[in-house]
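Novice: Got a file for you: target.txt, compact mmCIF, C-alpha atoms and all ligand atoms.
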# COMPACT_ATOMS: atom_id res chain seq x y z
CA MET D 1 0.00 0.00 0.00
CA LYS D 2 1.32 3.42 -0.92
CA ILE D 3 0.56 6.35 1.37
CA VAL D 4 1.42 9.97 0.73
CA THR D 5 1.85 11.84 4.02
CA VAL D 6 1.61 15.63 3.88
CA VAL D 7 3.29 17.75 6.55
CA GLY D 8 4.41 21.37 6.69
CA ALA D 9 4.20 22.93 10.15
CA ARG D 10 6.02 22.25 13.43
CA PRO D 11 3.35 20.19 15.23
CA GLN D 12 2.90 18.04 12.14
CA PHE D 13 6.52 16.92 12.25
CA ILE D 14 5.97 15.70 15.81
CA LYS D 15 2.75 13.88 14.85
CA ALA D 16 4.25 12.40 11.68
CA ALA D 17 7.30 11.15 13.62
CA ALA D 18 5.06 8.74 15.54
CA ILE D 19 3.44 7.32 12.40
CA THR D 20 6.67 7.10 10.41
CA ARG D 21 8.40 5.23 13.22
CA ALA D 22 5.51 2.75 13.40
CA VAL D 23 5.63 2.25 9.60
CA GLN D 24 9.35 1.57 9.70
CA THR D 25 9.23 -0.83 12.62
CA ASN D 26 6.07 -2.83 11.92
CA TYR D 27 4.35 -2.04 8.66
CA GLN D 28 6.84 -2.85 5.92
CA GLN D 29 3.92 -3.47 3.57
CA ILE D 30 3.34 0.30 3.59
CA GLN D 31 5.38 2.54 1.33
CA GLU D 32 5.24 6.02 2.82
CA ILE D 33 6.04 8.99 0.60
CA LEU D 34 6.66 12.08 2.72
CA VAL D 35 5.70 15.47 1.29
CA HIS D 36 6.83 18.64 3.09
CA THR D 37 4.95 21.72 1.91
CA GLY D 38 7.56 24.11 3.32
CA GLN D 39 4.98 26.06 5.35
CA HIS D 40 7.56 26.21 8.16
CA TYR D 41 11.14 26.62 6.99
CA ASP D 42 13.39 28.25 9.63
CA TYR D 43 15.88 25.72 10.96
CA LEU D 44 14.36 25.95 14.47
CA MET D 45 10.81 25.49 13.15
CA ASP D 46 11.61 22.72 10.72
CA ARG D 47 14.88 20.81 10.21
CA ILE D 48 15.71 20.55 13.88
CA PHE D 49 12.65 18.28 14.27
CA PHE D 50 13.64 16.02 11.39
CA GLU D 51 17.11 15.65 12.87
CA GLU D 52 16.12 15.18 16.50
CA LEU D 53 13.12 12.91 15.92
CA GLU D 54 14.93 11.00 13.17
CA ILE D 55 12.23 11.61 10.59
CA PRO D 56 13.41 10.60 7.11
CA LYS D 57 14.21 13.34 4.64
CA PRO D 58 11.01 14.23 2.77
CA ASN D 59 10.66 12.65 -0.67
CA TYR D 60 9.29 15.97 -1.91
CA HIS D 61 9.86 19.46 -0.56
CA LEU D 62 7.46 21.98 -2.08
CA GLY D 63 9.18 25.11 -0.77
CA VAL D 64 5.90 27.01 -0.47
CA GLY D 65 6.89 29.27 2.45
CA SER D 66 4.76 32.00 4.00
CA GLY D 67 1.90 33.94 2.42
CA SER D 68 -1.74 34.84 2.75
CA HIS D 69 -4.07 31.91 3.41
CA GLY D 70 -5.34 31.81 -0.17
CA LYS D 71 -1.94 32.07 -1.76
CA GLN D 72 -0.22 29.63 0.56
CA THR D 73 -2.99 27.03 0.30
CA GLY D 74 -3.37 27.54 -3.45
CA VAL D 75 0.31 27.02 -4.24
CA MET D 76 0.37 23.93 -2.01
CA LEU D 77 -2.73 22.55 -3.74
CA GLU D 78 -1.20 22.89 -7.19
CA ARG D 79 2.09 21.28 -6.16
CA ILE D 80 0.54 18.44 -4.15
CA GLU D 81 -1.77 17.62 -7.05
CA ALA D 82 1.24 17.16 -9.33
CA ILE D 83 2.81 14.75 -6.84
CA LEU D 84 -0.40 12.76 -6.43
CA GLN D 85 -0.68 12.47 -10.21
CA LYS D 86 2.81 11.06 -10.35
CA GLU D 87 2.74 8.81 -7.27
CA LYS D 88 -0.85 7.56 -7.52
CA PRO D 89 -1.07 6.65 -3.81
CA ASP D 90 -3.76 4.48 -2.24
CA ARG D 91 -4.27 6.97 0.63
CA VAL D 92 -3.29 10.51 1.58
CA LEU D 93 -2.53 11.11 5.24
CA VAL D 94 -2.94 14.59 6.74
CA PHE D 95 -2.56 15.87 10.31
CA GLY D 96 -4.31 18.49 12.39
CA ASP D 97 -5.62 21.76 11.05
CA THR D 98 -3.04 23.85 9.23
CA ASN D 99 -3.12 25.17 5.69
CA SER D 100 -0.92 22.20 4.73
CA THR D 101 -3.64 19.87 6.06
CA LEU D 102 -6.35 21.49 3.98
CA ALA D 103 -4.23 21.63 0.82
CA GLY D 104 -3.42 17.92 1.12
CA ALA D 105 -7.06 17.04 1.68
CA LEU D 106 -8.35 19.20 -1.19
CA ALA D 107 -5.82 17.84 -3.65
CA ALA D 108 -6.61 14.23 -2.71
CA GLY D 109 -10.37 14.77 -2.50
CA LYS D 110 -10.58 16.14 -6.05
CA MET D 111 -8.57 13.17 -7.30
CA HIS D 112 -10.81 10.65 -5.47
CA ILE D 113 -7.96 9.40 -3.31
CA PRO D 114 -9.18 8.37 0.16
CA ILE D 115 -8.03 10.85 2.81
CA ALA D 116 -7.00 9.81 6.29
CA HIS D 117 -7.25 12.66 8.81
CA VAL D 118 -5.26 12.28 11.99
CA GLU D 119 -6.69 14.46 14.79
CA ALA D 120 -10.14 14.47 13.23
CA GLY D 121 -13.24 15.82 14.95
CA LEU D 122 -11.79 18.67 16.95
CA ARG D 123 -13.86 21.80 17.16
CA SER D 124 -13.48 25.18 18.81
CA TYR D 125 -16.78 26.34 17.28
CA ASN D 126 -15.01 29.60 16.48
CA ARG D 127 -14.93 30.06 12.73
CA ARG D 128 -12.74 33.13 13.00
CA MET D 129 -9.85 30.74 13.55
CA PRO D 130 -8.29 29.64 10.24
CA GLU D 131 -7.68 26.26 11.89
CA GLU D 132 -11.43 25.69 12.43
CA ILE D 133 -12.10 26.14 8.69
CA ASN D 134 -9.21 23.82 7.84
CA ARG D 135 -10.35 21.04 10.15
CA LEU D 136 -14.04 21.30 9.24
CA LEU D 137 -13.35 20.99 5.53
CA THR D 138 -10.75 18.26 5.97
CA ASP D 139 -13.10 16.19 8.14
CA HIS D 140 -15.92 16.48 5.64
CA LEU D 141 -13.64 15.33 2.82
CA SER D 142 -12.03 12.45 4.70
CA THR D 143 -12.75 8.72 4.52
CA TYR D 144 -10.72 7.79 7.60
CA LEU D 145 -11.38 10.01 10.60
CA PHE D 146 -8.86 9.16 13.28
CA CYS D 147 -10.14 10.92 16.38
CA PRO D 148 -7.95 11.47 19.45
CA THR D 149 -10.85 11.42 21.95
CA ASP D 150 -14.47 10.32 22.40
CA GLN D 151 -15.44 13.98 22.38
CA ALA D 152 -14.04 14.29 18.84
CA VAL D 153 -16.11 11.29 17.71
CA GLN D 154 -19.21 12.96 19.19
CA ASN D 155 -18.41 16.28 17.50
CA LEU D 156 -18.30 14.51 14.13
CA SER D 157 -21.50 12.65 14.84
CA LYS D 158 -23.28 15.98 15.39
CA GLU D 159 -22.24 16.92 11.85
CA GLY D 160 -23.52 13.63 10.45
CA ILE D 161 -20.08 12.04 10.09
CA ARG D 162 -20.34 8.57 11.61
CA ASN D 163 -18.65 5.21 11.36
CA GLY D 164 -20.13 3.10 8.56
CA LYS D 165 -21.39 3.83 5.05
CA GLY D 166 -17.91 4.14 3.60
CA LYS D 167 -16.40 6.10 6.48
CA ILE D 168 -14.15 4.85 9.24
CA VAL D 169 -14.62 7.05 12.31
CA LYS D 170 -12.66 5.81 15.33
CA ASN D 171 -11.21 7.07 18.56
CA VAL D 172 -7.65 5.82 18.19
CA GLY D 173 -6.09 8.07 20.82
CA ASP D 174 -3.66 10.90 20.26
CA VAL D 175 -0.48 10.45 18.20
CA MET D 176 1.13 13.28 20.20
CA TYR D 177 0.74 11.09 23.27
CA ASP D 178 2.63 8.33 21.41
CA SER D 179 5.39 10.87 20.75
CA ILE D 180 5.59 12.22 24.29
CA LEU D 181 5.82 8.70 25.75
CA TYR D 182 8.56 7.72 23.35
CA TYR D 183 10.62 10.90 23.44
CA SER D 184 10.38 12.00 27.07
CA THR D 185 12.89 9.42 28.31
CA ILE D 186 15.24 10.41 25.49
CA ALA D 187 14.67 14.07 26.41
CA GLU D 188 15.60 13.44 30.06
CA LYS D 189 18.92 12.01 28.94
CA LYS D 190 19.79 14.37 26.11
CA SER D 191 18.43 17.81 26.98
CA ALA D 192 20.55 20.29 28.90
CA ILE D 193 18.07 23.14 28.53
CA LEU D 194 17.54 23.62 32.28
CA GLU D 195 21.27 24.14 32.80
CA GLU D 196 21.57 26.28 29.66
CA LEU D 197 18.87 28.63 30.93
CA GLY D 198 20.41 28.74 34.40
CA LEU D 199 17.37 27.08 35.96
CA LEU D 200 19.33 24.10 37.25
CA ILE D 201 22.75 24.54 38.76
CA PRO D 202 25.02 21.82 37.27
CA ASP D 203 25.83 19.02 39.74
CA SER D 204 23.12 20.18 42.11
CA SER D 205 19.50 19.21 42.29
CA HIS D 206 18.31 22.76 42.89
CA LEU D 207 15.74 23.66 40.27
CA THR D 208 14.56 27.27 40.13
CA ASP D 209 10.81 27.74 39.93
CA TYR D 210 9.74 29.05 36.52
CA TYR D 211 6.78 29.36 34.16
CA LEU D 212 6.90 28.29 30.53
CA ALA D 213 4.89 30.28 27.99
CA THR D 214 4.19 29.93 24.27
CA LEU D 215 2.19 32.27 22.08
CA HIS D 216 1.52 32.12 18.35
CA ARG D 217 -2.21 32.04 17.52
CA ALA D 218 -3.01 34.58 14.84
CA GLU D 219 -6.02 35.84 16.83
CA ASN D 220 -3.64 36.79 19.67
CA THR D 221 -0.51 37.91 17.85
CA ASP D 222 -2.19 39.88 15.10
CA ASP D 223 -4.33 41.94 17.46
CA PRO D 224 -1.96 44.48 19.05
CA GLN D 225 -4.23 45.04 22.05
CA LYS D 226 -4.42 41.35 22.86
CA LEU D 227 -0.72 40.87 22.26
CA ARG D 228 0.14 43.78 24.56
CA SER D 229 -2.25 42.59 27.23
CA ILE D 230 -0.84 39.02 27.22
CA LEU D 231 2.75 40.27 27.27
CA LYS D 232 1.87 42.60 30.14
CA ALA D 233 0.58 39.66 32.16
CA LEU D 234 3.71 37.61 31.43
CA ASN D 235 5.85 40.61 32.38
CA VAL D 236 4.05 41.07 35.72
CA ILE D 237 4.32 37.35 36.49
CA GLY D 238 7.99 37.43 35.43
CA GLU D 239 8.81 40.01 38.10
CA GLU D 240 8.24 37.32 40.75
CA VAL D 241 9.10 34.04 39.03
CA PRO D 242 11.03 33.64 35.74
CA VAL D 243 8.85 33.30 32.64
CA ILE D 244 10.51 31.51 29.72
CA LEU D 245 8.95 32.33 26.34
CA PRO D 246 10.35 30.52 23.28
CA LEU D 247 9.21 32.89 20.58
CA HIS D 248 7.40 31.70 17.47
CA PRO D 249 8.61 33.75 14.46
CA ARG D 250 5.10 35.13 13.93
CA THR D 251 5.07 36.50 17.47
CA LYS D 252 8.58 37.89 17.23
CA LYS D 253 7.62 39.69 14.05
CA MET D 254 4.54 41.25 15.66
CA ILE D 255 6.40 42.27 18.85
CA ASP D 256 8.96 44.05 16.67
CA PHE D 257 6.31 45.57 14.40
CA HIS D 258 4.34 47.02 17.33
CA ARG D 259 7.53 47.95 19.17
CA LEU D 260 6.50 46.04 22.27
CA SER D 261 9.90 44.71 23.30
CA GLY D 262 10.36 47.59 25.76
CA GLU D 263 7.44 46.20 27.77
CA THR D 264 8.87 42.71 28.12
CA GLN D 265 11.93 43.23 30.32
CA HIS D 266 10.87 40.57 32.86
CA ILE D 267 10.13 37.90 30.25
CA LYS D 268 12.97 35.65 29.17
CA MET D 269 12.36 35.50 25.43
CA ILE D 270 14.37 32.86 23.60
CA ASP D 271 14.41 31.37 20.11
CA PRO D 272 12.06 28.45 19.38
CA ILE D 273 13.44 25.33 21.01
CA SER D 274 13.71 21.71 19.98
CA TYR D 275 11.03 19.18 20.93
CA LEU D 276 13.26 17.39 23.45
CA ASN D 277 14.10 20.69 25.15
CA MET D 278 10.43 21.62 25.10
CA LEU D 279 9.42 18.40 26.84
CA VAL D 280 11.92 18.99 29.63
CA LEU D 281 10.85 22.61 30.09
CA GLU D 282 7.17 21.64 30.17
CA LYS D 283 7.65 18.82 32.63
CA ASN D 284 9.55 20.90 35.18
CA ALA D 285 7.56 24.13 34.93
CA ARG D 286 5.45 25.41 37.81
CA ALA D 287 2.74 26.00 35.20
CA VAL D 288 2.45 26.52 31.47
CA LEU D 289 0.79 29.52 29.80
CA THR D 290 -0.07 28.93 26.16
CA ASP D 291 -2.38 29.37 23.22
CA SER D 292 -0.97 26.25 21.52
CA GLY D 293 -3.10 23.15 21.10
CA GLY D 294 -0.22 20.71 21.43
CA VAL D 295 1.28 22.42 24.46
CA GLN D 296 -2.06 22.31 26.36
CA LYS D 297 -2.12 18.55 25.94
CA GLU D 298 1.53 18.05 26.84
CA ALA D 299 1.02 20.05 30.04
CA TYR D 300 -1.90 17.74 30.84
CA TRP D 301 0.15 14.61 30.18
CA PHE D 302 2.87 15.89 32.49
CA ARG D 303 0.17 16.92 34.98
CA VAL D 304 1.47 20.47 34.98
CA PRO D 305 -1.20 23.17 35.41
CA CYS D 306 -1.99 25.02 32.19
CA ILE D 307 -3.40 28.51 31.69
CA THR D 308 -4.78 28.80 28.18
CA LEU D 309 -4.60 32.23 26.60
CA ARG D 310 -7.82 31.77 24.67
CA GLU D 311 -11.55 31.89 25.36
CA GLU D 312 -12.18 28.36 24.16
CA THR D 313 -10.26 25.16 23.57
CA GLU D 314 -10.67 22.10 21.40
CA TRP D 315 -9.05 20.06 24.17
CA VAL D 316 -12.00 20.29 26.55
CA GLU D 317 -10.90 17.21 28.52
CA THR D 318 -7.91 19.11 29.92
CA VAL D 319 -10.30 21.69 31.40
CA ARG D 320 -12.86 19.09 32.44
CA TRP D 321 -10.27 17.20 34.49
CA GLY D 322 -9.08 20.33 36.23
CA TRP D 323 -5.65 20.80 34.69
CA ASN D 324 -6.38 23.69 32.37
CA VAL D 325 -8.05 27.06 32.89
CA LEU D 326 -9.29 29.24 30.06
CA ALA D 327 -7.98 32.67 30.94
CA GLY D 328 -8.48 34.56 27.69
CA THR D 329 -6.20 37.46 26.90
CA GLU D 330 -6.87 40.14 29.54
CA THR D 331 -3.94 40.85 31.83
CA GLU D 332 -5.86 40.53 35.11
CA ARG D 333 -7.59 37.31 34.13
CA ILE D 334 -4.31 35.71 33.12
CA ILE D 335 -2.68 36.61 36.43
CA GLU D 336 -5.76 35.36 38.29
CA GLY D 337 -5.68 32.19 36.15
CA VAL D 338 -2.09 31.52 37.19
CA ASN D 339 -2.94 31.92 40.89
CA GLN D 340 -5.96 29.68 40.52
CA ALA D 341 -4.10 26.99 38.55
CA VAL D 342 -1.09 26.86 40.82
CA LYS D 343 -3.22 26.66 43.99
CA LYS D 344 -5.25 23.72 42.67
CA GLN D 345 -2.49 21.06 42.89
CA HIS D 346 -4.58 19.18 41.58
CA ALA D 347 -7.45 17.39 39.96
CA SER D 348 -7.77 13.85 38.66
CA LYS D 349 -4.50 12.06 37.96
CA THR D 350 -6.06 8.87 36.71
CA THR D 351 -7.98 9.82 33.58
CA HIS D 352 -6.61 8.92 30.15
CA PRO D 353 -8.90 10.49 27.58
CA PHE D 354 -6.16 10.50 24.92
CA GLY D 355 -5.57 6.77 24.54
CA ASN D 356 -2.72 4.54 25.61
CA GLY D 357 0.17 5.74 23.44
CA LYS D 358 -0.56 3.31 20.62
CA ALA D 359 -2.52 5.62 18.35
CA SER D 360 -0.08 5.22 15.43
CA TRP D 361 -0.43 1.44 15.47
CA LYS D 362 -4.20 1.65 15.55
CA ILE D 363 -4.17 4.08 12.64
CA LEU D 364 -1.93 1.88 10.53
CA ASN D 365 -3.97 -1.19 11.41
CA LEU D 366 -7.16 0.45 10.27
CA LEU D 367 -5.54 1.83 7.13
CA THR D 368 -4.17 -1.52 6.06
CA LYS D 369 -7.18 -3.64 7.05
CA HIS D 370 -9.99 -1.49 5.60
C1 LIG X 1 0.60 27.62 11.62
C2 LIG X 1 -0.82 27.05 11.61
C3 LIG X 1 -1.30 26.90 13.04
C4 LIG X 1 -0.32 26.08 13.86
C5 LIG X 1 1.07 26.68 13.76
C6 LIG X 1 2.06 25.79 14.45
C7 LIG X 1 -2.20 27.71 9.69
C8 LIG X 1 -3.28 28.59 9.22
N1 LIG X 1 -1.74 27.96 10.92
O1 LIG X 1 0.53 28.91 12.18
O2 LIG X 1 -2.54 26.22 13.04
O3 LIG X 1 -0.73 26.11 15.21
O4 LIG X 1 1.45 26.77 12.37
O5 LIG X 1 3.22 26.47 14.79
O6 LIG X 1 -1.79 26.83 8.98
N2 LIG X 1 7.39 32.25 9.91
C9 LIG X 1 8.75 32.33 9.84
N3 LIG X 1 9.47 31.18 9.72
C10 LIG X 1 8.88 29.96 9.66
C11 LIG X 1 7.48 29.90 9.72
C12 LIG X 1 6.76 31.05 9.85
O7 LIG X 1 9.33 33.42 9.91
O8 LIG X 1 9.60 28.95 9.56
C13 LIG X 1 6.63 33.52 10.09
C14 LIG X 1 6.25 34.18 8.78
O9 LIG X 1 6.33 35.55 8.98
C15 LIG X 1 4.82 33.76 8.59
C16 LIG X 1 4.31 33.66 10.02
O10 LIG X 1 5.42 33.21 10.77
O11 LIG X 1 4.09 34.66 7.82
C17 LIG X 1 3.15 32.73 10.18
O12 LIG X 1 3.45 31.42 9.66
P1 LIG X 1 2.27 30.46 9.14
O13 LIG X 1 2.82 29.14 8.78
O14 LIG X 1 1.46 31.16 8.12
O15 LIG X 1 1.32 30.34 10.38
P2 LIG X 1 1.66 29.97 11.89
O16 LIG X 1 1.32 31.13 12.74
O17 LIG X 1 3.00 29.38 11.99
N1 LIG X 2 7.19 23.03 20.45
C1 LIG X 2 8.57 22.89 20.33
N2 LIG X 2 9.34 24.02 20.48
C2 LIG X 2 8.82 25.24 20.75
C3 LIG X 2 7.40 25.34 20.86
C4 LIG X 2 6.62 24.22 20.69
O1 LIG X 2 9.09 21.80 20.12
O2 LIG X 2 9.57 26.20 20.86
C5 LIG X 2 6.37 21.82 20.29
C6 LIG X 2 5.44 21.53 21.44
O3 LIG X 2 6.09 20.80 22.45
C7 LIG X 2 4.33 20.75 20.75
C8 LIG X 2 4.25 21.38 19.38
O4 LIG X 2 5.51 22.03 19.19
O5 LIG X 2 4.69 19.39 20.61
C9 LIG X 2 3.14 22.38 19.33
O6 LIG X 2 3.26 23.13 18.20
P1 LIG X 2 2.67 24.61 18.07
O7 LIG X 2 2.47 25.19 19.42
O8 LIG X 2 3.55 25.32 17.12
O9 LIG X 2 1.30 24.36 17.29
P2 LIG X 2 -0.17 23.89 17.73
O10 LIG X 2 -0.04 22.66 18.54
O11 LIG X 2 -0.81 25.01 18.45
O12 LIG X 2 -0.85 23.66 16.42
Just give me the structure of the file as structure tokens.

Specialist:
Amino acid sequence: MKIVTVVGARPQFIKAAAITRAVQTNYQQIQEILVHTGQHYDYLMDRIFFEELEIPKPNYHLGVGSGSHGKQTGVMLERIEAILQKEKPDRVLVFGDTNSTLAGALAAGKMHIPIAHVEAGLRSYNRRMPEEINRLLTDHLSTYLFCPTDQAVQNLSKEGIRNGKGKIVKNVGDVMYDSILYYSTIAEKKSAILEELGLLIPDSSHLTDYYLATLHRAENTDDPQKLRSILKALNVIGEEVPVILPLHPRTKKMIDFHRLSGETQHIKMIDPISYLNMLVLEKNARAVLTDSGGVQKEAYWFRVPCITLREETEWVETVRWGWNVLAGTETERIIEGVNQAVKKQHASKTTHPFGNGKASWKILNLLTKH
């Protein structure tokens, strides 16, 4: 069976790593052709993940780069179509909700190639997010809907997408959980990020308390008021306890554009970091502040309190089980959210709504058997 896998953005490399490893170790009957759209291209947003997670070099690199949604998706669509014409795969595999996801799904859908969507069924019910449009359309085009949670299966059911009648809709668990289980032991051994940031004194066990923050959602970074208000909260928090903020290039660009760097003197802003370094920083943080989908889940898996810098989340289980608070973007609410989250140490430790770390195997089983 020939599968074309389409990736392009940072979280997709981490998700694809889990599948690719499973293909290589146990599914030799699958020929996987890896297509990288080039949506992310800086070394620290792209190649570092291929190197560290030992993902094979993509068979095709489309070099699409940044652009408006229409342009970026359109160029990807044209180039992916050409590859599908040449490769004639049995399935096209897409992940998550980026423009690369939608382009892969559209190209395959128009060519009648069955689409497998990993991380299907997530909804924020906020159509102002480009991701919500991408995931809605991809789900409706897909034949295989690999859901990470029961909630995702229910969300699809509400839209009439159910198992049966030519569709496979299954809760297989979360491939990012597969990745975190596999890579966190490696991260413990290999990462020296705590020492590099001066949070752990070498040869001592004294770990400084710190918060980890990430910020990149367009709805936050591209609204100067929201961006200022979030940075203000991080700056206030950073006066008491260090706040480490690995900066997404989008956020860096907007901070520079709005000349906000003068208001961030108590935030330790660093370049984007590798996945292994990220896992170590997440695991040891007092709490995590983020608008990232993946980071909310990783905080949950490490049972580290999370303060989400959004009004809603697709990962409702993390809130339901008491590990995540939705704080929005107002300075006071974020600070209050941190106090609330850190005090509640903490809710249920026994729930596993994201599967058992074998999502990739389940996906490949379903793909090869049906
Ligand atoms: C994209 C996804 C988002 C995902 C995120 C993961 C869409 C619509 N959004 O958002 O769902 O959560 O990736 O990180 O697909 N840039 C660089 N270097 C890079 C990549 C980006 O400088 O390697 C800058 C460019 O100025 C670019 C901006 O970041 O215009 C935004 O990049 P883009 O890929 O369009 O969206 P993300 O915000 O990264
Ligand atoms: N991540 C990383 N380095 C960073 C920031 C994030 O390795 O500097 C990882 C993070 O651990 C998670 C994934 O990237 O696995 C999340 O990606 P991102 O926040 O870019 O996108 P989202 O999940 O919101 O789509």

Novice: Any idea what's packed within 9 Å of D:Ile113, counting only C-alpha atoms, ignoring anything in its chain fewer than 4 positions away? Could you give it as a PyMOL selection string?

Specialist: chain D and resi 84+88-92+107-109

Novice: Using all atoms listed in the file, what does the table of chain D residues within 9 Å of ligand LIG 2 (chain X) look like, with each row giving the shortest atom pair and its distance in Å to one decimal, sorted by chain and ascending number, as a Markdown table?

Specialist:
| residue | atom | partner | partner_atom | distance |
| --- | --- | --- | --- | --- |
| D:Ala9 | CA | X:LIG2 | O8 | 7.4 |
| D:Arg10 | CA | X:LIG2 | O8 | 5.4 |
| D:Pro11 | CA | X:LIG2 | O6 | 4.2 |
| D:Gln12 | CA | X:LIG2 | O6 | 7.9 |
| D:Phe13 | CA | X:LIG2 | O4 | 8.7 |
| D:Ile14 | CA | X:LIG2 | O5 | 6.2 |
| D:Lys15 | CA | X:LIG2 | O5 | 8.2 |
| D:Leu44 | CA | X:LIG2 | O2 | 8.0 |
| D:Met45 | CA | X:LIG2 | N2 | 7.6 |
| D:Phe49 | CA | X:LIG2 | O1 | 7.7 |
| D:Gly96 | CA | X:LIG2 | O12 | 7.4 |
| D:Asp97 | CA | X:LIG2 | O12 | 7.4 |
| D:Thr98 | CA | X:LIG2 | O12 | 7.5 |
| D:Glu131 | CA | X:LIG2 | O12 | 8.6 |
| D:Met176 | CA | X:LIG2 | O5 | 7.1 |
| D:Ser179 | CA | X:LIG2 | O5 | 8.5 |
| D:Ile180 | CA | X:LIG2 | O5 | 8.1 |
| D:Thr214 | CA | X:LIG2 | C3 | 6.6 |
| D:Leu215 | CA | X:LIG2 | O7 | 7.6 |
| D:His216 | CA | X:LIG2 | O7 | 7.1 |
| D:Arg217 | CA | X:LIG2 | O11 | 7.2 |
| D:Leu245 | CA | X:LIG2 | O2 | 8.2 |
| D:Pro246 | CA | X:LIG2 | O2 | 5.0 |
| D:Leu247 | CA | X:LIG2 | O2 | 6.7 |
| D:His248 | CA | X:LIG2 | O2 | 6.8 |
| D:Ile270 | CA | X:LIG2 | O2 | 8.7 |
| D:Asp271 | CA | X:LIG2 | O2 | 7.1 |
| D:Pro272 | CA | X:LIG2 | O2 | 3.7 |
| D:Ile273 | CA | X:LIG2 | O2 | 4.0 |
| D:Ser274 | CA | X:LIG2 | O1 | 4.6 |
| D:Tyr275 | CA | X:LIG2 | O1 | 3.4 |
| D:Leu276 | CA | X:LIG2 | O1 | 6.9 |
| D:Asn277 | CA | X:LIG2 | O1 | 7.2 |
| D:Met278 | CA | X:LIG2 | O3 | 5.2 |
| D:Leu279 | CA | X:LIG2 | O3 | 6.0 |
| D:Glu282 | CA | X:LIG2 | O3 | 7.8 |
| D:Thr290 | CA | X:LIG2 | O7 | 8.1 |
| D:Asp291 | CA | X:LIG2 | O11 | 6.7 |
| D:Ser292 | CA | X:LIG2 | O11 | 3.3 |
| D:Gly293 | CA | X:LIG2 | O11 | 4.0 |
| D:Gly294 | CA | X:LIG2 | O10 | 3.5 |
| D:Val295 | CA | X:LIG2 | C7 | 5.1 |
| D:Gln296 | CA | X:LIG2 | O10 | 8.1 |
| D:Lys297 | CA | X:LIG2 | C7 | 8.6 |
| D:Glu298 | CA | X:LIG2 | O3 | 6.9 |

Novice: Excluding D:Leu281 and residues on its chain fewer than 3 positions from it, collect all residues at most 12 Å away from it, counting all atoms listed in the file, and give them as a ChimeraX atom specification.

Specialist: /D:184,187-188,191-197,199-200,207-214,243-246,273-278,284-288,295,298-299,302,304

Novice: D:Gln265, D:Thr20, D:Gln28, D:Asn220: which is nearest D:Glu239, counting only C-alpha atoms?

Specialist: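 For D:Glu239, the nearest of the given residues is D:Gln265.
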
Novice: Tell me, as a list of chain:residue names, which residues lie within 10 Å of D:Arg135, counting all atoms listed in the file; anything in the same chain fewer than 3 positions away does not count.

Specialist: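 Listing them by chain and then by number gives D:Phe95, D:Gly96, D:Asp97, D:Thr98, D:Asn99, D:Thr101, D:Leu102, D:Ala105, D:His117, D:Glu119, D:Ala120, D:Gly121, D:Leu122, D:Arg123, D:Pro130, D:Glu131, D:Glu132, D:Thr138, D:Asp139, D:His140, D:Leu141.
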
Novice: Hey, which of D:Thr143, D:Arg162, D:Ile334, D:Asn171 ends up closest to D:His112? Count all atoms listed in the file.

Specialist: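 Looking at the shortest contact to D:His112, the residue is D:Thr143.
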
Novice: Counting only C-alpha atoms and all ligand atoms, which of D:Thr5, D:Asn163, D:Ser100, D:Asn26 gets nearest to ligand LIG 1 (chain X)?

Specialist: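 Between D:Thr5, D:Asn163, D:Ser100, D:Asn26, the residue approaching ligand LIG 1 (chain X) most closely is D:Ser100.
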
Novice: Pick out the residues sitting within 6 Å of stretch 313-330 of chain D, and hand them over as a count of residues only; count all atoms listed in the file, and ignore anything fewer than 2 positions along from it in its own chain.

Specialist: 19

Novice: D:Glu81, D:Asp223, D:Glu51, D:Asp150: which is nearest D:Val172, counting all atoms listed in the file?

Specialist: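 Of all the options, D:Asp150 lies closest to D:Val172.
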
Novice: Add whatever atoms are absent from stretch 203-210 of chain D to reach N, CA and C atoms, and provide the output as a PDB file, keeping the file's coordinate frame.

Specialist:
ATOM      1  N   ASP D 203      25.406  19.834  38.591  1.00  0.00           N
ATOM      2  CA  ASP D 203      25.830  19.020  39.740  1.00  0.00           C
ATOM      3  C   ASP D 203      25.078  19.351  41.034  1.00  0.00           C
ATOM      4  N   SER D 204      23.940  19.995  40.910  1.00  0.00           N
ATOM      5  CA  SER D 204      23.120  20.180  42.110  1.00  0.00           C
ATOM      6  C   SER D 204      21.705  19.810  41.720  1.00  0.00           C
ATOM      7  N   SER D 205      20.861  19.578  42.678  1.00  0.00           N
ATOM      8  CA  SER D 205      19.500  19.210  42.290  1.00  0.00           C
ATOM      9  C   SER D 205      18.580  20.415  42.481  1.00  0.00           C
ATOM     10  N   HIS D 206      19.169  21.604  42.641  1.00  0.00           N
ATOM     11  CA  HIS D 206      18.310  22.760  42.890  1.00  0.00           C
ATOM     12  C   HIS D 206      17.730  23.332  41.592  1.00  0.00           C
ATOM     13  N   LEU D 207      16.432  23.145  41.458  1.00  0.00           N
ATOM     14  CA  LEU D 207      15.740  23.660  40.270  1.00  0.00           C
ATOM     15  C   LEU D 207      15.002  24.938  40.642  1.00  0.00           C
ATOM     16  N   THR D 208      15.274  26.016  39.884  1.00  0.00           N
ATOM     17  CA  THR D 208      14.560  27.270  40.130  1.00  0.00           C
ATOM     18  C   THR D 208      13.124  27.120  39.638  1.00  0.00           C
ATOM     19  N   ASP D 209      12.203  27.701  40.359  1.00  0.00           N
ATOM     20  CA  ASP D 209      10.810  27.740  39.930  1.00  0.00           C
ATOM     21  C   ASP D 209      10.701  28.624  38.682  1.00  0.00           C
ATOM     22  N   TYR D 210       9.927  28.202  37.713  1.00  0.00           N
ATOM     23  CA  TYR D 210       9.740  29.050  36.520  1.00  0.00           C
ATOM     24  C   TYR D 210       8.412  28.698  35.840  1.00  0.00           C
TER      25      TYR D 210
END
